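What follows is a set of notes on a single structure, which appears directly below.
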Amino acid sequence: MQRRKPVSKENGIFSGTDLRIGRRLFTAGAASGLLLPRTGRAAARLAPVAEEDALIAFGHTGPVTDGGWTTAHDLGVQAVRRTFPKLRSVYVESIPYSADATRIFRQFVAEGAQMVICTSGYGDFIKDVADRAPDVAFMECNGLAVTDNLAWYYITHWYASYVIGMVAGLITKTNRLGFVGTFPIPSVYASVNATLLGAQSVNPACTMQSIAINSWFDPQAATQAALALADSGCDFLCGITDEPAYLRVAEQRGIKAAMWNLSMRAFGPKAYVSGVVLDFSHFYVEQVRARLAGTWTARPQFLTLGHGVDRDPWGETVPREAAARADEMRDRILAGYNPFRGPIYDNSGKLRVPSGQVMTDFDIYRWDWGVRGMTGLG
């Protein structure tokens with residue numbers, strides 16, 4: 001492991017190593033509205049902070065130039081800087097999942113940060129620091145723990161994936177969909193399962209072949225996976241990676257694809273169907289505003305469809321009829337409908353969600369099995 005570079009304050013960045021292992025490995029859930037219950041006593045509030053005295057620290061799992069997950073979070077950081085020009089903000093990118101993470105979070109506290117936001121799940125690496133810094137607010141994207149000063153947040157990306165999956169089911173000619181995955185973890189299962197269930201809701205013959213490349217950012221591996229999926233007859237590709245490699249393959253092969261994190265249509269305009277797009281700007285501004293005002297409390301939160309996550313505008317080659325049918329479902333979801341309802345079977349044929357039962361967002365957040373028709377992840 002390379003040694004950490006010196007801290008640089010001039011540009012608001014703590015320089016970090018470029019080692020990444022598994023983003024979003026620790027999981028749980030709640031929303032622009034949906035909260036999980038806390039135990040007994042009311043949550044403690046931290047003292048207000050003047051904007052000019054505030055230091056907000058961000059810890060990223062990847063480089064802010066990755067064009068995907070970390071870039072999306074960095075856009076939120078930029079929104080905080082625009083909204084609160086008097087405060088100081090710093091970040092470390094590419095924080096490893098090791099004791100180095102603990103040292104970085106401790107360094108944030110030592111520098112005087114009143115709020116630390118890590119944009120991926122770091123589990124005990126951040127919780128141990130939060131437990132020893134009760135006057136600092138900590139937030140963990142895709143975390144598990146909630147204490148008096150540690151909260152977690154995440155996006156309900158599965159609804160956008162379901163809507164996009166409906167278009168996939170309507171436009172596929174082979175009924176074979178392909179998924180370029182990363183790791184067999186709940187956020188990935190939620191993505192692939194939601195897309196396939198959306199497709200099967202309009203075309204029950206659809207199946208999904210998944211290939212895990214064991215990385216969030218590996219264009220070469222993603223390209224190889226996409227080529228293998230295309231060669232096996234998949235005419236629609238999707239995934240949860242941080243770059244557009246499989247979209248490029250889809251463009252070259254004359255098939256379709258949907259992306260993740262940010263709009264990537266420029267890399268394959270004819271192939272592009274849509275994408276799950278993230279926007280943390282409003283959420284981060286509101287969390288920082290609450291911390292400055294002394295009204296911030298630790299609670300789990302989900303950013304919901306239309307409020308932090310959504311589908312990207314449909315691609316230029318998506319048939320209007322398919323887009324309209326999928327958008328009818330999007331409207332129903334925005335009105336409160338949940339399409340994740342039984343019966344749902346896993347890919348071994350076992351009934352997992354009985355008829356009449358609906359999966360909650362927290363159930364989906366912890367998803368660790370593939371639905372019927374999905375192969376490759378487990």
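The way I read the labels, and the way they are meant: chains A, B, ... in the order of the structure tokens, residue 1 as the first residue of every chain, and ligand 1 as the first ligand shown, with later ones counted on from there.
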Open item on the list: Considering only strand (DSSP E) as DSSP defines it on the backbone, what residues of stretch 114-229 of chain A qualify? List them as a PyMOL selection string.
Closed with: chain A and resi 115-118+137-141+150-155+176-181+207-212
Taking N, CA and C atoms for each residue, export the selection above as a compact mmCIF listing (two decimals), in the first residue's frame.
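Output contents, as saved in again-v2.txt:
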```txt
# COMPACT_ATOMS: atom_id res chain seq x y z
N MET A 115 -18.92 18.27 10.89
CA MET A 115 -19.71 17.26 10.20
C MET A 115 -18.79 16.49 9.27
N VAL A 116 -18.91 15.14 9.32
CA VAL A 116 -18.13 14.26 8.44
C VAL A 116 -19.12 13.42 7.66
N ILE A 117 -19.03 13.49 6.33
CA ILE A 117 -19.92 12.73 5.45
C ILE A 117 -19.07 11.78 4.63
N CYS A 118 -19.27 10.48 4.79
CA CYS A 118 -18.56 9.53 3.94
C CYS A 118 -19.56 8.97 2.93
N ALA A 137 -21.10 15.54 13.89
CA ALA A 137 -22.13 14.80 13.17
C ALA A 137 -21.48 13.95 12.09
N PHE A 138 -21.84 12.68 12.03
CA PHE A 138 -21.30 11.77 11.02
C PHE A 138 -22.46 11.22 10.19
N MET A 139 -22.24 11.14 8.88
CA MET A 139 -23.21 10.56 7.96
C MET A 139 -22.50 9.56 7.06
N GLU A 140 -23.14 8.42 6.86
CA GLU A 140 -22.54 7.32 6.10
C GLU A 140 -23.51 6.87 5.01
N CYS A 141 -23.11 7.01 3.75
CA CYS A 141 -23.95 6.54 2.66
C CYS A 141 -23.91 5.02 2.61
N LEU A 150 -24.35 9.56 14.59
CA LEU A 150 -24.03 8.86 13.35
C LEU A 150 -25.32 8.43 12.67
N ALA A 151 -25.48 8.83 11.41
CA ALA A 151 -26.66 8.49 10.64
C ALA A 151 -26.24 7.83 9.33
N TRP A 152 -27.18 7.18 8.67
CA TRP A 152 -26.90 6.68 7.32
C TRP A 152 -27.98 7.14 6.37
N TYR A 153 -27.63 7.12 5.08
CA TYR A 153 -28.56 7.52 4.03
C TYR A 153 -28.25 6.69 2.78
N TYR A 154 -29.25 6.59 1.89
CA TYR A 154 -29.06 5.85 0.64
C TYR A 154 -30.15 6.27 -0.33
N ILE A 155 -30.05 5.78 -1.58
CA ILE A 155 -31.03 6.12 -2.60
C ILE A 155 -31.84 4.88 -2.97
N ARG A 176 -33.31 -11.88 -23.79
CA ARG A 176 -32.11 -12.10 -22.98
C ARG A 176 -31.50 -10.75 -22.63
N LEU A 177 -31.49 -10.43 -21.36
CA LEU A 177 -30.90 -9.19 -20.87
C LEU A 177 -29.57 -9.52 -20.20
N GLY A 178 -28.64 -8.58 -20.22
CA GLY A 178 -27.33 -8.80 -19.62
C GLY A 178 -27.00 -7.73 -18.61
N PHE A 179 -26.35 -8.13 -17.52
CA PHE A 179 -26.03 -7.21 -16.43
C PHE A 179 -24.55 -7.28 -16.11
N VAL A 180 -23.86 -6.15 -16.20
CA VAL A 180 -22.45 -6.07 -15.81
C VAL A 180 -22.42 -5.65 -14.35
N GLY A 181 -22.18 -6.62 -13.48
CA GLY A 181 -22.21 -6.38 -12.04
C GLY A 181 -20.83 -6.12 -11.47
N THR A 207 -35.14 -13.09 -19.29
CA THR A 207 -34.16 -13.58 -18.33
C THR A 207 -33.01 -12.58 -18.26
N MET A 208 -32.18 -12.73 -17.24
CA MET A 208 -31.04 -11.83 -17.05
C MET A 208 -29.79 -12.64 -16.75
N GLN A 209 -28.78 -12.48 -17.57
CA GLN A 209 -27.48 -13.11 -17.32
C GLN A 209 -26.55 -12.05 -16.72
N SER A 210 -25.99 -12.35 -15.58
CA SER A 210 -25.15 -11.38 -14.87
C SER A 210 -23.70 -11.85 -14.83
N ILE A 211 -22.80 -10.91 -14.97
CA ILE A 211 -21.37 -11.18 -14.82
C ILE A 211 -20.81 -10.18 -13.82
N ALA A 212 -20.21 -10.68 -12.74
CA ALA A 212 -19.59 -9.82 -11.73
C ALA A 212 -18.12 -9.61 -12.08
```
Open item on the list: Can you pull out the residues contacting A:Ser355? Cut-off 12 Å, using only C-alpha atoms, and skip same-chain residues under 3 positions away; I want them as a PyMOL selection string.
Closed with: chain A and resi 340-345+351-352+358-359
Taking C-alpha atoms for each residue, export the selection above as a JSON list (two decimals), in the first residue's frame.
```json
[["chain", "number", "residue", "atom", "x", "y", "z"],
["A", 340, "PHE", "CA", -42.19, -5.19, -5.52],
["A", 341, "ARG", "CA", -45.02, -7.47, -4.46],
["A", 342, "GLY", "CA", -45.48, -11.19, -4.32],
["A", 343, "PRO", "CA", -45.36, -13.75, -5.51],
["A", 344, "ILE", "CA", -41.61, -13.39, -6.08],
["A", 345, "TYR", "CA", -39.47, -16.51, -6.47],
["A", 351, "LEU", "CA", -41.02, -18.64, -3.02],
["A", 352, "ARG", "CA", -39.46, -15.67, -1.21],
["A", 358, "VAL", "CA", -44.98, -6.25, -0.49],
["A", 359, "MET", "CA", -41.24, -5.78, -0.06]]
```
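Minimum atom-to-atom distance to A:Ala54, evaluated using only C-alpha atoms, belongs to A:Ala113 out of A:Ala199, A:Ala113, A:Ala190, A:Ala258.
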Open item on the list: Please determine, counting only C-alpha atoms, which residue among A:Ala221, A:Ala290, A:Ala101, A:Met259 has the shortest atom-to-atom distance to A:Gly67.
Closed with: A:Met259
- [ ] Fewer than 6 positions away in the same chain doesn't count, so skip those; otherwise give me all residues within 7 Å of stretch 322-330 of chain A, counting only C-alpha atoms, as an MDAnalysis selection string.
- [x] chainID A and resid 163 166:167 170
Restricting the output to C-alpha atoms, write the selected residues as a PDB file, in the first residue's frame.
```pdb
ATOM      1  CA  VAL A 163     -39.118   1.491 -14.776  1.00  0.00           C
ATOM      2  CA  MET A 166     -40.039  -2.290 -18.340  1.00  0.00           C
ATOM      3  CA  VAL A 167     -38.676  -0.631 -21.481  1.00  0.00           C
ATOM      4  CA  LEU A 170     -40.756  -4.205 -24.338  1.00  0.00           C
TER       5      LEU A 170
END
```
Task: Backbone-only DSSP, alpha helix (DSSP H) members of stretch 56-287 of chain A, as an MDAnalysis selection string - done: chainID A and resid 69:83 99:110 124:131 157:171 186:202 219:231 245:253 281:287
Task: Contact residues around A:Gly315 with only C-alpha atoms at 12 Å, ignoring same-chain residues under 5 positions, as an MDAnalysis selection string - done: chainID A and resid 164 167 256:259 263:275 320 322:323
Open item on the list: Need the shell around A:Arg311: protein/DNA/RNA residues with any atom at most 6 Å away, counting only C-alpha atoms. Skip same-chain ones fewer than 5 positions apart. Format as a list of chain:residue names?
Closed with: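 Skipping anything fewer than 5 positions along the chain leaves A:Ala160, A:Gly275, A:Val276, A:Val277.
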N, CA and C atoms of the current selection, written as a short mmCIF file (atom, residue, chain, number, x, y, z; two decimals), in the first residue's frame:
```cif
data_model
loop_
_atom_site.label_atom_id
_atom_site.label_comp_id
_atom_site.auth_asym_id
_atom_site.auth_seq_id
_atom_site.Cartn_x
_atom_site.Cartn_y
_atom_site.Cartn_z
N ALA A 160 -36.27 3.34 -10.12
CA ALA A 160 -35.84 3.76 -11.46
C ALA A 160 -35.42 2.56 -12.29
N GLY A 275 -30.89 5.79 -17.85
CA GLY A 275 -29.95 5.46 -16.80
C GLY A 275 -30.52 5.84 -15.45
N VAL A 276 -30.06 5.16 -14.42
CA VAL A 276 -30.36 5.56 -13.05
C VAL A 276 -29.44 6.72 -12.72
N VAL A 277 -30.00 7.91 -12.52
CA VAL A 277 -29.19 9.10 -12.28
C VAL A 277 -29.39 9.58 -10.84
#
```
TODO: Just give me the gap between atom CA of A:Tyr246 and atom CA of A:Ala225 in Å, one decimal is fine.
DONE: 7.9 Å
Open item on the list: What's the separation between atom CA of A:Thr156 and atom CA of A:Thr297, in Å to one decimal place?
Closed with: 21.2 Å
- [ ] Could you tell me how far atom CA of A:Gly121 lies from atom CA of A:Thr295, in Å and to one decimal?
- [x]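 The value is 24.1 Å.
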- [ ] With a distance cut-off of 8 Å and only C-alpha atoms, select the neighbouring residues of A:Asp66, excluding the residue or stretch itself and same-chain residues fewer than 3 positions from it, and output the selection as a list in words.
- [x] Gly62, Pro63, Trp69, Thr70, Thr71, Phe217, Asp242 and Glu243 of chain A
